[in-house]
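Asks: The structure that follows is given in the form of C-alpha coordinates.
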Amino acid sequence: MDEEYDVIVLGTGLKECILSGLLSVDGLKVLHMDKNDYYGGESTSLNLNQLWKHFKGSDKPPEHLGPSREFNVDMVPKFMMANGALVRVLIHTDVTKYLNFKVVDGSFVYNKGKIYKVPATDVEALKSPLMGLFEKRRARKFFIYVQDFEEDDPKSHEGLDLHKVTARELISKYGLEDDTIDFIGHALALYIDDKYLDEPAIDFVKRMKLYAESLARFNGGSPYIYPLYGLGELPQAFARLSAVYGGTYMLNKPQCKVEFDGSGKAIGVSSEGETAKCKKVVCDPSYLPDKVKKVGKVARAVCIMSHPIPDTNDSHSAQVILPQKQLGRKSDMYLFCCSYAHNVASKGKYIAFVTAEAETDKPEEELKPGIDLLGPVDEIFYDTFDRYVPTNNYELDNCFISTSYDATTHFESTVKDVLAMYSKITGKALDLSVDLSAASAATDQQ
(Lines give C-alpha, C1' and ligand atoms only; values in the text may rest on other atoms or scores of the structure.)
Protein backbone atom coordinates (compact mmCIF):
# COMPACT_ATOMS: atom_id res chain seq x y z
CA MET A 1 0.00 0.00 0.00
CA ASP A 2 3.00 2.32 0.45
CA GLU A 3 2.66 3.93 -2.97
CA GLU A 4 1.74 7.37 -4.24
CA TYR A 5 -1.60 8.01 -5.95
CA ASP A 6 -3.17 10.99 -7.69
CA VAL A 7 -6.39 10.48 -5.77
CA ILE A 8 -7.46 8.27 -2.86
CA VAL A 9 -11.22 7.72 -2.67
CA LEU A 10 -12.69 6.70 0.71
CA GLY A 11 -16.08 4.98 0.81
CA THR A 12 -17.80 2.97 -1.93
CA GLY A 13 -21.10 4.87 -1.98
CA LEU A 14 -22.62 5.65 -5.36
CA LYS A 15 -21.08 9.13 -5.56
CA GLU A 16 -17.61 7.94 -4.62
CA CYS A 17 -17.76 5.04 -7.09
CA ILE A 18 -18.87 7.26 -9.96
CA LEU A 19 -16.07 9.75 -9.24
CA SER A 20 -13.51 6.97 -8.90
CA GLY A 21 -14.63 5.66 -12.31
CA LEU A 22 -14.53 9.08 -13.99
CA LEU A 23 -11.07 9.90 -12.59
CA SER A 24 -9.71 6.47 -13.61
CA VAL A 25 -11.01 6.95 -17.15
CA ASP A 26 -9.23 10.35 -17.17
CA GLY A 27 -5.96 8.49 -16.60
CA LEU A 28 -5.43 9.33 -12.93
CA LYS A 29 -3.94 6.74 -10.58
CA VAL A 30 -6.72 6.00 -8.08
CA LEU A 31 -6.78 4.00 -4.84
CA HIS A 32 -10.28 3.27 -3.57
CA MET A 33 -10.73 2.14 0.04
CA ASP A 34 -13.67 1.38 2.33
CA LYS A 35 -13.68 0.73 6.08
CA ASN A 36 -16.64 -1.66 5.58
CA ASP A 37 -16.43 -5.20 4.23
CA TYR A 38 -19.19 -4.50 1.69
CA TYR A 39 -19.72 -2.09 -1.18
CA GLY A 40 -22.03 0.89 -1.11
CA GLY A 41 -21.68 2.62 2.28
CA GLU A 42 -24.95 4.44 3.05
CA SER A 43 -26.26 3.44 -0.38
CA THR A 44 -25.60 -0.27 0.02
CA SER A 45 -27.99 -3.02 -1.08
CA LEU A 46 -29.09 -5.61 1.50
CA ASN A 47 -30.45 -9.15 1.20
CA LEU A 48 -33.24 -10.19 3.56
CA ASN A 49 -30.98 -11.49 6.34
CA GLN A 50 -28.89 -8.30 6.24
CA LEU A 51 -32.06 -6.19 6.24
CA TRP A 52 -33.27 -7.94 9.41
CA LYS A 53 -29.90 -7.53 11.05
CA HIS A 54 -29.82 -3.83 10.12
CA PHE A 55 -33.26 -3.02 11.53
CA LYS A 56 -33.94 -5.75 14.11
CA GLY A 57 -30.54 -6.95 15.22
CA SER A 58 -31.24 -10.59 14.27
CA ASP A 59 -30.79 -12.30 10.91
CA LYS A 60 -33.83 -14.57 11.08
CA PRO A 61 -36.54 -13.14 8.82
CA PRO A 62 -39.87 -15.04 8.56
CA GLU A 63 -39.69 -17.85 6.02
CA HIS A 64 -42.90 -16.87 4.20
CA LEU A 65 -41.08 -13.88 2.66
CA GLY A 66 -38.96 -16.19 0.49
CA PRO A 67 -35.19 -16.85 0.19
CA SER A 68 -32.94 -14.12 1.60
CA ARG A 69 -30.63 -14.09 -1.43
CA GLU A 70 -33.51 -13.16 -3.78
CA PHE A 71 -33.78 -9.77 -2.07
CA ASN A 72 -31.63 -6.80 -3.10
CA VAL A 73 -33.03 -3.91 -1.09
CA ASP A 74 -31.32 -0.59 -1.85
CA MET A 75 -30.96 1.57 1.23
CA VAL A 76 -31.00 4.77 -0.87
CA PRO A 77 -33.28 3.81 -3.73
CA LYS A 78 -33.31 6.21 -6.67
CA PHE A 79 -34.58 5.86 -10.22
CA MET A 80 -32.58 7.21 -13.17
CA MET A 81 -33.98 9.55 -15.78
CA ALA A 82 -33.52 7.69 -19.10
CA ASN A 83 -31.84 10.68 -20.79
CA GLY A 84 -30.52 12.22 -17.57
CA ALA A 85 -27.01 13.15 -16.53
CA LEU A 86 -26.34 9.91 -14.62
CA VAL A 87 -27.09 7.74 -17.65
CA ARG A 88 -24.76 10.01 -19.67
CA VAL A 89 -22.04 9.54 -17.04
CA LEU A 90 -22.51 5.75 -17.14
CA ILE A 91 -22.19 5.78 -20.94
CA HIS A 92 -19.19 8.13 -20.80
CA THR A 93 -17.35 5.62 -18.61
CA ASP A 94 -18.68 2.62 -20.60
CA VAL A 95 -19.86 1.04 -17.36
CA THR A 96 -23.23 0.32 -19.02
CA LYS A 97 -21.78 -2.91 -20.40
CA TYR A 98 -21.86 -4.34 -16.85
CA LEU A 99 -25.49 -3.36 -16.17
CA ASN A 100 -28.92 -4.42 -17.37
CA PHE A 101 -31.62 -1.78 -17.13
CA LYS A 102 -35.36 -2.10 -17.16
CA VAL A 103 -37.85 0.70 -17.63
CA VAL A 104 -39.84 1.73 -14.54
CA ASP A 105 -43.55 1.12 -15.11
CA GLY A 106 -45.12 4.26 -13.71
CA SER A 107 -44.63 7.86 -12.62
CA PHE A 108 -47.40 9.28 -10.44
CA VAL A 109 -48.32 12.34 -8.41
CA TYR A 110 -50.53 12.74 -5.34
CA ASN A 111 -53.24 15.38 -5.61
CA LYS A 112 -56.16 16.03 -3.24
CA GLY A 113 -56.00 12.58 -1.65
CA LYS A 114 -55.63 10.54 -4.85
CA ILE A 115 -52.84 9.14 -7.04
CA TYR A 116 -52.68 10.21 -10.71
CA LYS A 117 -50.35 9.41 -13.61
CA VAL A 118 -48.08 12.39 -14.31
CA PRO A 119 -49.10 13.88 -17.67
CA ALA A 120 -45.95 14.84 -19.57
CA THR A 121 -47.10 15.86 -23.06
CA ASP A 122 -49.85 17.99 -24.62
CA VAL A 123 -51.76 14.81 -25.56
CA GLU A 124 -51.56 13.41 -22.01
CA ALA A 125 -52.58 16.78 -20.57
CA LEU A 126 -55.85 16.63 -22.50
CA LYS A 127 -56.58 13.13 -21.18
CA SER A 128 -55.54 13.71 -17.56
CA PRO A 129 -58.23 13.59 -14.84
CA LEU A 130 -55.96 15.88 -12.78
CA MET A 131 -57.42 18.94 -14.50
CA GLY A 132 -60.79 20.33 -15.49
CA LEU A 133 -61.70 21.00 -19.12
CA PHE A 134 -60.49 24.60 -19.41
CA GLU A 135 -57.34 23.94 -17.38
CA LYS A 136 -56.51 21.03 -19.72
CA ARG A 137 -56.53 23.43 -22.67
CA ARG A 138 -54.31 25.93 -20.87
CA ALA A 139 -51.92 23.15 -19.81
CA ARG A 140 -51.84 21.78 -23.35
CA LYS A 141 -50.75 25.19 -24.70
CA PHE A 142 -48.01 25.37 -22.07
CA PHE A 143 -46.77 21.83 -22.85
CA ILE A 144 -46.64 22.69 -26.57
CA TYR A 145 -44.56 25.78 -25.80
CA VAL A 146 -42.12 23.66 -23.76
CA GLN A 147 -41.96 20.89 -26.39
CA ASP A 148 -41.25 23.40 -29.20
CA PHE A 149 -38.74 25.44 -27.16
CA GLU A 150 -35.17 25.21 -28.47
CA GLU A 151 -32.55 27.32 -26.71
CA ASP A 152 -30.71 28.18 -29.94
CA ASP A 153 -33.86 28.97 -31.97
CA PRO A 154 -35.16 32.44 -30.93
CA LYS A 155 -38.37 31.88 -32.96
CA SER A 156 -39.42 29.20 -30.44
CA HIS A 157 -39.03 31.62 -27.50
CA GLU A 158 -42.17 33.63 -28.27
CA GLY A 159 -40.39 36.84 -27.31
CA LEU A 160 -39.41 35.61 -23.82
CA ASP A 161 -35.82 35.55 -22.56
CA LEU A 162 -35.96 32.58 -20.19
CA HIS A 163 -32.63 33.60 -18.66
CA LYS A 164 -34.42 36.69 -17.29
CA VAL A 165 -38.09 35.70 -17.03
CA THR A 166 -38.83 33.68 -13.87
CA ALA A 167 -40.67 30.36 -13.87
CA ARG A 168 -43.55 32.09 -12.06
CA GLU A 169 -43.82 34.75 -14.80
CA LEU A 170 -43.71 32.13 -17.56
CA ILE A 171 -46.43 30.03 -15.90
CA SER A 172 -48.66 33.08 -15.27
CA LYS A 173 -48.60 33.83 -19.01
CA TYR A 174 -50.57 30.58 -19.45
CA GLY A 175 -52.87 31.19 -16.46
CA LEU A 176 -52.28 27.78 -14.84
CA GLU A 177 -53.92 26.90 -11.51
CA ASP A 178 -51.94 26.23 -8.32
CA ASP A 179 -52.59 22.47 -8.37
CA THR A 180 -51.31 22.26 -11.95
CA ILE A 181 -48.20 24.27 -11.10
CA ASP A 182 -47.71 21.90 -8.15
CA PHE A 183 -47.54 18.71 -10.20
CA ILE A 184 -45.57 20.28 -13.07
CA GLY A 185 -42.92 21.74 -10.73
CA HIS A 186 -42.58 18.75 -8.41
CA ALA A 187 -43.48 15.63 -10.41
CA LEU A 188 -42.25 16.70 -13.87
CA ALA A 189 -39.46 19.24 -13.30
CA LEU A 190 -38.60 17.40 -10.04
CA TYR A 191 -37.96 20.44 -7.86
CA ILE A 192 -37.93 19.58 -4.16
CA ASP A 193 -39.44 22.92 -3.04
CA ASP A 194 -40.98 26.05 -4.61
CA LYS A 195 -37.86 28.27 -4.75
CA TYR A 196 -37.59 27.57 -8.50
CA LEU A 197 -40.65 29.77 -9.14
CA ASP A 198 -38.60 32.92 -8.56
CA GLU A 199 -35.55 31.76 -10.50
CA PRO A 200 -34.92 32.08 -14.28
CA ALA A 201 -37.31 29.82 -16.18
CA ILE A 202 -34.65 28.27 -18.43
CA ASP A 203 -33.78 25.49 -15.95
CA PHE A 204 -37.50 24.77 -15.35
CA VAL A 205 -38.19 24.38 -19.09
CA LYS A 206 -35.07 22.22 -19.61
CA ARG A 207 -36.14 19.91 -16.77
CA MET A 208 -39.61 19.51 -18.28
CA LYS A 209 -38.07 18.73 -21.67
CA LEU A 210 -35.73 16.15 -20.10
CA TYR A 211 -38.73 14.39 -18.53
CA ALA A 212 -40.69 14.32 -21.81
CA GLU A 213 -37.69 13.17 -23.87
CA SER A 214 -36.83 10.45 -21.33
CA LEU A 215 -40.44 9.28 -21.37
CA ALA A 216 -40.44 9.05 -25.18
CA ARG A 217 -37.14 7.21 -25.30
CA PHE A 218 -38.37 3.70 -24.42
CA ASN A 219 -42.11 4.29 -24.79
CA GLY A 220 -42.55 2.94 -21.27
CA GLY A 221 -44.94 4.22 -18.62
CA SER A 222 -42.32 6.49 -17.03
CA PRO A 223 -39.14 8.40 -17.93
CA TYR A 224 -37.16 6.33 -15.41
CA ILE A 225 -34.97 3.24 -15.68
CA TYR A 226 -33.53 1.05 -12.94
CA PRO A 227 -30.90 -1.73 -13.02
CA LEU A 228 -32.00 -5.35 -12.65
CA TYR A 229 -30.90 -6.48 -9.14
CA GLY A 230 -31.04 -2.83 -8.00
CA LEU A 231 -28.42 -0.15 -7.47
CA GLY A 232 -26.05 -2.48 -5.61
CA GLU A 233 -24.84 -3.42 -9.09
CA LEU A 234 -23.49 0.09 -9.71
CA PRO A 235 -20.60 0.26 -7.20
CA GLN A 236 -19.45 -3.19 -8.30
CA ALA A 237 -19.62 -2.19 -11.97
CA PHE A 238 -17.46 0.86 -11.21
CA ALA A 239 -15.02 -1.30 -9.24
CA ARG A 240 -14.57 -3.47 -12.34
CA LEU A 241 -14.17 -0.40 -14.52
CA SER A 242 -11.56 1.08 -12.20
CA ALA A 243 -9.58 -2.17 -12.30
CA VAL A 244 -9.58 -2.07 -16.12
CA TYR A 245 -7.89 1.35 -15.91
CA GLY A 246 -5.39 0.26 -13.29
CA GLY A 247 -7.23 1.56 -10.23
CA THR A 248 -6.99 -0.39 -6.96
CA TYR A 249 -9.94 -1.28 -4.69
CA MET A 250 -9.54 -2.29 -1.05
CA LEU A 251 -12.52 -3.20 1.13
CA ASN A 252 -12.45 -3.86 4.88
CA LYS A 253 -9.73 -1.34 5.71
CA PRO A 254 -10.53 -0.29 9.30
CA GLN A 255 -9.51 3.05 10.80
CA CYS A 256 -8.90 4.76 7.44
CA LYS A 257 -7.37 8.02 8.58
CA VAL A 258 -6.61 11.00 6.36
CA GLU A 259 -3.10 12.34 7.07
CA PHE A 260 -2.33 16.07 6.80
CA ASP A 261 0.91 18.04 6.53
CA GLY A 262 1.79 21.04 8.71
CA SER A 263 -0.20 23.44 6.49
CA GLY A 264 -3.36 21.35 6.76
CA LYS A 265 -3.18 19.78 3.29
CA ALA A 266 -4.18 16.13 2.89
CA ILE A 267 -1.09 14.11 1.91
CA GLY A 268 -2.24 10.51 2.31
CA VAL A 269 -4.38 7.92 4.06
CA SER A 270 -3.21 5.47 6.71
CA SER A 271 -4.78 2.17 7.71
CA GLU A 272 -3.39 -0.68 9.80
CA GLY A 273 0.07 0.88 10.10
CA GLU A 274 0.53 1.59 6.40
CA THR A 275 0.21 4.94 4.65
CA ALA A 276 -0.63 5.54 1.00
CA LYS A 277 0.40 9.00 -0.24
CA CYS A 278 -1.81 11.09 -2.48
CA LYS A 279 -2.38 14.56 -3.92
CA LYS A 280 -6.15 14.62 -3.28
CA VAL A 281 -8.68 12.81 -1.08
CA VAL A 282 -12.30 12.17 -2.13
CA CYS A 283 -14.66 10.82 0.54
CA ASP A 284 -18.14 10.68 2.04
CA PRO A 285 -18.88 12.71 5.22
CA SER A 286 -18.22 9.79 7.61
CA TYR A 287 -14.46 9.83 6.91
CA LEU A 288 -13.90 13.51 7.81
CA PRO A 289 -16.56 14.32 10.43
CA ASP A 290 -14.83 17.52 11.54
CA LYS A 291 -15.07 19.00 8.03
CA VAL A 292 -18.85 18.64 7.61
CA LYS A 293 -21.98 19.99 9.30
CA LYS A 294 -25.41 18.47 9.78
CA VAL A 295 -28.10 20.24 7.75
CA GLY A 296 -31.09 17.95 8.24
CA LYS A 297 -32.18 14.35 8.27
CA VAL A 298 -34.16 11.96 6.10
CA ALA A 299 -37.02 9.89 7.51
CA ARG A 300 -37.74 6.64 5.71
CA ALA A 301 -39.97 3.60 5.93
CA VAL A 302 -38.95 0.36 4.21
CA CYS A 303 -41.88 -1.95 3.46
CA ILE A 304 -42.20 -5.46 2.09
CA MET A 305 -45.59 -6.04 0.41
CA SER A 306 -47.37 -8.71 -1.61
CA HIS A 307 -49.00 -6.30 -4.07
CA PRO A 308 -48.22 -3.15 -6.06
CA ILE A 309 -49.10 0.31 -4.67
CA PRO A 310 -52.89 0.68 -5.16
CA ASP A 311 -54.07 3.02 -7.97
CA THR A 312 -50.77 2.76 -9.87
CA ASN A 313 -52.18 0.56 -12.68
CA ASP A 314 -50.62 -2.55 -11.09
CA SER A 315 -47.13 -1.12 -11.72
CA HIS A 316 -44.33 -3.47 -10.66
CA SER A 317 -42.11 -0.41 -10.32
CA ALA A 318 -43.28 3.13 -9.69
CA GLN A 319 -42.54 6.51 -8.18
CA VAL A 320 -45.25 8.61 -6.53
CA ILE A 321 -44.38 12.20 -5.59
CA LEU A 322 -46.47 13.85 -2.86
CA PRO A 323 -45.89 17.61 -3.34
CA GLN A 324 -45.32 19.58 -0.12
CA LYS A 325 -48.44 21.75 -0.56
CA GLN A 326 -50.71 18.71 -0.77
CA LEU A 327 -49.53 17.64 2.70
CA GLY A 328 -49.00 21.04 4.31
CA ARG A 329 -45.25 20.31 4.57
CA LYS A 330 -42.10 22.28 3.80
CA SER A 331 -40.78 19.59 1.44
CA ASP A 332 -42.07 16.74 -0.74
CA MET A 333 -42.63 13.13 0.25
CA TYR A 334 -41.71 10.26 -2.07
CA LEU A 335 -42.97 6.72 -2.63
CA PHE A 336 -40.68 4.27 -4.39
CA CYS A 337 -41.78 0.78 -5.39
CA CYS A 338 -39.91 -2.02 -7.07
CA SER A 339 -40.56 -5.78 -7.24
CA TYR A 340 -39.44 -9.23 -8.27
CA ALA A 341 -39.76 -7.97 -11.88
CA HIS A 342 -36.51 -6.02 -11.28
CA ASN A 343 -35.04 -8.98 -9.32
CA VAL A 344 -35.00 -7.05 -6.04
CA ALA A 345 -37.38 -9.36 -4.13
CA SER A 346 -38.62 -12.95 -4.16
CA LYS A 347 -41.48 -13.97 -6.48
CA GLY A 348 -44.68 -12.07 -5.76
CA LYS A 349 -43.03 -9.59 -3.36
CA TYR A 350 -42.70 -5.81 -3.65
CA ILE A 351 -40.35 -3.42 -1.88
CA ALA A 352 -41.74 0.03 -1.13
CA PHE A 353 -39.99 3.03 0.41
CA VAL A 354 -41.59 6.15 1.82
CA THR A 355 -39.02 8.94 2.24
CA ALA A 356 -39.10 12.60 3.23
CA GLU A 357 -36.86 15.27 4.68
CA ALA A 358 -37.64 14.87 8.41
CA GLU A 359 -39.53 17.85 9.83
CA THR A 360 -40.26 16.14 13.17
CA ASP A 361 -38.66 13.46 15.39
CA LYS A 362 -41.49 10.99 14.73
CA PRO A 363 -41.02 9.18 11.41
CA GLU A 364 -44.04 6.89 12.00
CA GLU A 365 -46.39 9.87 12.23
CA GLU A 366 -44.64 12.02 9.68
CA LEU A 367 -44.59 9.37 6.94
CA LYS A 368 -48.20 8.29 7.58
CA PRO A 369 -49.67 10.10 4.51
CA GLY A 370 -47.36 8.01 2.32
CA ILE A 371 -47.76 4.75 4.27
CA ASP A 372 -51.56 5.09 4.02
CA LEU A 373 -51.31 4.94 0.21
CA LEU A 374 -49.51 1.56 0.24
CA GLY A 375 -52.37 -0.67 1.38
CA PRO A 376 -51.56 -3.73 3.55
CA VAL A 377 -47.84 -4.30 4.22
CA ASP A 378 -46.18 -7.59 5.29
CA GLU A 379 -43.31 -5.89 7.12
CA ILE A 380 -42.37 -2.27 7.83
CA PHE A 381 -39.18 -0.72 9.23
CA TYR A 382 -38.62 2.92 10.12
CA ASP A 383 -35.41 4.86 10.50
CA THR A 384 -33.80 8.25 9.99
CA PHE A 385 -30.34 9.25 8.81
CA ASP A 386 -28.58 12.59 9.11
CA ARG A 387 -27.68 14.73 6.10
CA TYR A 388 -24.29 16.42 6.04
CA VAL A 389 -22.65 18.98 3.77
CA PRO A 390 -18.93 19.82 3.62
CA THR A 391 -17.70 22.97 5.38
CA ASN A 392 -14.05 22.79 4.32
CA ASN A 393 -12.24 24.78 1.63
CA TYR A 394 -10.98 22.11 -0.79
CA GLU A 395 -8.44 24.56 -2.27
CA LEU A 396 -6.70 24.70 1.11
CA ASP A 397 -6.89 21.08 2.27
CA ASN A 398 -7.23 19.03 -0.97
CA CYS A 399 -10.24 17.18 0.52
CA PHE A 400 -13.32 16.73 -1.68
CA ILE A 401 -16.28 15.60 0.41
CA SER A 402 -19.66 14.53 -0.99
CA THR A 403 -22.96 15.69 0.47
CA SER A 404 -25.23 13.07 2.07
CA TYR A 405 -28.10 11.58 0.05
CA ASP A 406 -31.42 13.43 0.15
CA ALA A 407 -34.97 12.07 0.34
CA THR A 408 -35.65 12.14 -3.41
CA THR A 409 -36.36 8.86 -5.20
CA HIS A 410 -34.62 9.97 -8.40
CA PHE A 411 -30.97 10.72 -9.16
CA GLU A 412 -31.13 14.30 -10.36
CA SER A 413 -29.75 15.99 -7.21
CA THR A 414 -27.18 13.23 -6.56
CA VAL A 415 -25.57 13.47 -9.98
CA LYS A 416 -25.46 17.29 -9.71
CA ASP A 417 -23.19 16.90 -6.68
CA VAL A 418 -21.00 14.36 -8.51
CA LEU A 419 -20.52 16.67 -11.52
CA ALA A 420 -19.73 19.65 -9.28
CA MET A 421 -17.15 17.56 -7.36
CA TYR A 422 -15.61 16.33 -10.62
CA SER A 423 -15.11 19.93 -11.78
CA LYS A 424 -13.51 20.91 -8.47
CA ILE A 425 -11.16 17.90 -8.48
CA THR A 426 -10.08 18.19 -12.14
CA GLY A 427 -10.63 21.87 -12.89
CA LYS A 428 -12.77 21.04 -15.93
CA ALA A 429 -16.39 20.31 -16.73
CA LEU A 430 -17.31 16.73 -17.69
CA ASP A 431 -18.31 16.40 -21.34
CA LEU A 432 -21.70 14.68 -21.30
CA SER A 433 -22.32 14.68 -25.04
CA VAL A 434 -22.60 10.93 -25.56
CA ASP A 435 -24.58 8.56 -27.76
CA LEU A 436 -27.57 7.80 -25.54
CA SER A 437 -28.43 4.66 -27.53
CA ALA A 438 -25.45 2.98 -25.83
CA ALA A 439 -27.70 2.34 -22.81
CA SER A 440 -30.71 0.23 -23.62
CA ALA A 441 -33.48 -0.91 -21.29
CA ALA A 442 -36.00 -3.68 -21.47
CA THR A 443 -39.67 -2.70 -21.25
CA ASP A 444 -41.16 -6.18 -21.38
CA GLN A 445 -43.84 -6.98 -18.82
CA GLN A 446 -42.88 -10.10 -16.89
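Chain labels follow the order of the C-alpha coordinates: the first chain is A, the next B, and so on; residue numbering restarts at 1 in every chain, and ligands are counted from 1 in their shown order.
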From a backbone DSSP assignment, name each residue in region 64-266 of chain A labelled helix (DSSP H, G or I), as a count of residues only.
Replies: 96
Asks: What lies within 9 Å of Val165 (chain A) using only C-alpha atoms, ignoring chain neighbours under 4 positions off, as a PDB file with N, CA and C atoms, in the first residue's frame?
Replies:
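After the write, out38.pdb holds the following:
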```
ATOM      1  N   LEU A 160     -39.792  35.667 -25.239  1.00  0.00           N
ATOM      2  CA  LEU A 160     -39.410  35.612 -23.817  1.00  0.00           C
ATOM      3  C   LEU A 160     -37.941  35.221 -23.688  1.00  0.00           C
ATOM      4  N   ASP A 161     -37.192  35.950 -22.876  1.00  0.00           N
ATOM      5  CA  ASP A 161     -35.823  35.551 -22.565  1.00  0.00           C
ATOM      6  C   ASP A 161     -35.862  34.758 -21.259  1.00  0.00           C
ATOM      7  N   GLU A 169     -43.336  33.848 -13.736  1.00  0.00           N
ATOM      8  CA  GLU A 169     -43.824  34.748 -14.795  1.00  0.00           C
ATOM      9  C   GLU A 169     -44.212  33.955 -16.046  1.00  0.00           C
ATOM     10  N   LEU A 170     -43.405  32.951 -16.375  1.00  0.00           N
ATOM     11  CA  LEU A 170     -43.709  32.126 -17.557  1.00  0.00           C
ATOM     12  C   LEU A 170     -45.041  31.396 -17.361  1.00  0.00           C
ATOM     13  N   ASP A 198     -39.151  31.572  -8.470  1.00  0.00           N
ATOM     14  CA  ASP A 198     -38.602  32.920  -8.556  1.00  0.00           C
ATOM     15  C   ASP A 198     -37.202  32.953  -9.153  1.00  0.00           C
ATOM     16  N   GLU A 199     -36.844  31.835  -9.819  1.00  0.00           N
ATOM     17  CA  GLU A 199     -35.553  31.763 -10.501  1.00  0.00           C
ATOM     18  C   GLU A 199     -35.767  31.775 -12.010  1.00  0.00           C
ATOM     19  N   PRO A 200     -34.726  32.053 -12.822  1.00  0.00           N
ATOM     20  CA  PRO A 200     -34.917  32.081 -14.279  1.00  0.00           C
ATOM     21  C   PRO A 200     -35.560  30.787 -14.788  1.00  0.00           C
ATOM     22  N   ALA A 201     -36.474  30.944 -15.745  1.00  0.00           N
ATOM     23  CA  ALA A 201     -37.310  29.818 -16.184  1.00  0.00           C
ATOM     24  C   ALA A 201     -36.570  28.817 -17.062  1.00  0.00           C
ATOM     25  N   ILE A 202     -35.343  29.146 -17.483  1.00  0.00           N
ATOM     26  CA  ILE A 202     -34.649  28.266 -18.426  1.00  0.00           C
ATOM     27  C   ILE A 202     -34.435  26.865 -17.852  1.00  0.00           C
TER      28      ILE A 202
END
```
Asks: Find the residues near region 240-243 of chain A: any atom within 7 Å, counting only C-alpha atoms, skip ones fewer than 4 places away on the same chain, and give them as a list in words.
Replies: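 Final neighbour list, sorted by chain and number: Gly21, Ser24, Val95, Gln236, Gly247 and Thr248 of chain A.
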Asks: Using N, CA and C atoms, can you export the residues from the last selection as a PDB file, in the first residue's frame?
Replies:
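File written: result.pdb
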```
ATOM      1  N   GLY A  21     -14.575   6.117 -10.915  1.00  0.00           N
ATOM      2  CA  GLY A  21     -14.625   5.660 -12.314  1.00  0.00           C
ATOM      3  C   GLY A  21     -14.241   6.766 -13.283  1.00  0.00           C
ATOM      4  N   SER A  24     -10.506   7.552 -13.018  1.00  0.00           N
ATOM      5  CA  SER A  24      -9.708   6.467 -13.606  1.00  0.00           C
ATOM      6  C   SER A  24      -9.700   6.578 -15.129  1.00  0.00           C
ATOM      7  N   VAL A  95     -19.521   1.996 -18.415  1.00  0.00           N
ATOM      8  CA  VAL A  95     -19.858   1.042 -17.360  1.00  0.00           C
ATOM      9  C   VAL A  95     -21.199   0.352 -17.674  1.00  0.00           C
ATOM     10  N   GLN A 236     -20.275  -2.066  -7.848  1.00  0.00           N
ATOM     11  CA  GLN A 236     -19.454  -3.193  -8.305  1.00  0.00           C
ATOM     12  C   GLN A 236     -19.038  -3.008  -9.764  1.00  0.00           C
ATOM     13  N   GLY A 247      -6.898   1.092 -11.584  1.00  0.00           N
ATOM     14  CA  GLY A 247      -7.226   1.557 -10.229  1.00  0.00           C
ATOM     15  C   GLY A 247      -7.184   0.385  -9.260  1.00  0.00           C
ATOM     16  N   THR A 248      -7.058   0.672  -7.973  1.00  0.00           N
ATOM     17  CA  THR A 248      -6.990  -0.385  -6.960  1.00  0.00           C
ATOM     18  C   THR A 248      -8.131  -0.224  -5.972  1.00  0.00           C
TER      19      THR A 248
END
```
Asks: List as a ChimeraX atom specification the protein and nucleic acid residues near region 335-349 of chain A, meaning an atom at most 8 Å away when only C-alpha atoms are counted, but skip any in the same chain fewer than 6 places from it.
Replies: /A:65-67,70-73,77-78,102,226-230,304-309,316-322,355,370,409,446
Asks: With distances taken over only C-alpha atoms, which residue among A:Ile18, A:Ile144, A:Ala407, A:Ala120 lies nearest Ile91 (chain A)?
Replies: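 Of all the options, A:Ile18 lies closest to Ile91 (chain A).
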Asks: Could you pull out all residues of region 59-196 of chain A with a DSSP call of strand (DSSP E) and give them as a PyMOL selection string?
Replies: chain A and resi 73-74+80-81+101-103+106-111+114-117
Asks: What lies within 7 Å of Val30 (chain A) using only C-alpha atoms, ignoring chain neighbours under 2 positions off, as a list in words?
Replies: Tyr5, Asp6, Val7, Ile8, Ser20, Ser24, Leu28, His32, Gly247 and Thr248 of chain A
Asks: Could you check which of A:His186, A:Phe101, A:Glu365, A:Phe381 is closest to Met80 (chain A), using only C-alpha atoms?
Replies: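 Nearest to Met80 (chain A): A:Phe101.
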Asks: Counting only C-alpha atoms, what is within 8 Å of region 427-436 of chain A, bar same-chain residues fewer than 3 positions away, as a list in words?
Replies: Asn83, Ala85, Val87, Arg88, Val89, Ile91, His92, Leu419, Tyr422, Ser423, Lys424 and Ala439 of chain A
Asks: Give me the residues within 6 Å of Pro223 (chain A) as a JSON list (two decimals) with all heavy atoms, in the first residue's frame, counting only C-alpha atoms and dropping any in the same chain fewer than 6 places off.
Replies:
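Final output, selection19.json:
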```
[["chain", "number", "residue", "atom", "x", "y", "z"],
["A", 81, "MET", "N", -33.30, 8.98, -14.63],
["A", 81, "MET", "CA", -33.98, 9.55, -15.78],
["A", 81, "MET", "C", -33.31, 8.98, -17.04],
["A", 81, "MET", "O", -32.08, 9.04, -17.16],
["A", 81, "MET", "CB", -33.81, 11.07, -15.72],
["A", 81, "MET", "CG", -34.68, 11.86, -16.64],
["A", 81, "MET", "SD", -36.42, 11.74, -16.25],
["A", 81, "MET", "CE", -36.62, 13.08, -15.10],
["A", 82, "ALA", "N", -34.10, 8.43, -17.96],
["A", 82, "ALA", "CA", -33.52, 7.69, -19.10],
["A", 82, "ALA", "C", -32.51, 8.52, -19.89],
["A", 82, "ALA", "O", -31.51, 8.00, -20.37],
["A", 82, "ALA", "CB", -34.63, 7.18, -20.00],
["A", 214, "SER", "N", -37.13, 11.74, -21.97],
["A", 214, "SER", "CA", -36.83, 10.45, -21.33],
["A", 214, "SER", "C", -38.02, 9.51, -21.43],
["A", 214, "SER", "O", -37.87, 8.30, -21.65],
["A", 214, "SER", "CB", -36.46, 10.66, -19.86],
["A", 214, "SER", "OG", -35.29, 11.42, -19.74],
["A", 215, "LEU", "N", -39.21, 10.08, -21.28],
["A", 215, "LEU", "CA", -40.44, 9.28, -21.37],
["A", 215, "LEU", "C", -40.59, 8.69, -22.78],
["A", 215, "LEU", "O", -40.97, 7.53, -22.95],
["A", 215, "LEU", "CB", -41.65, 10.16, -21.04],
["A", 215, "LEU", "CG", -43.01, 9.48, -21.03],
["A", 215, "LEU", "CD1", -43.11, 8.51, -19.85],
["A", 215, "LEU", "CD2", -44.14, 10.50, -20.93]]
```
Asks: Report the distance between CA of Ile401 (chain A) and CA of Val76 (chain A) in Å, rounded to one decimal place.
Replies: 18.3 Å
Asks: For Ala187 (chain A), which of A:Gln324, A:Asn36, A:Ser43, A:Ser437 is the closest residue, counting only C-alpha atoms?
Replies: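 Counting only C-alpha atoms, the residue closest to Ala187 (chain A) is A:Gln324.
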Asks: With distances taken over only C-alpha atoms, which residue among A:Gly113, A:Ile192, A:Leu396, A:Lys297 lies nearest Ser413 (chain A)?
Replies: A:Ile192
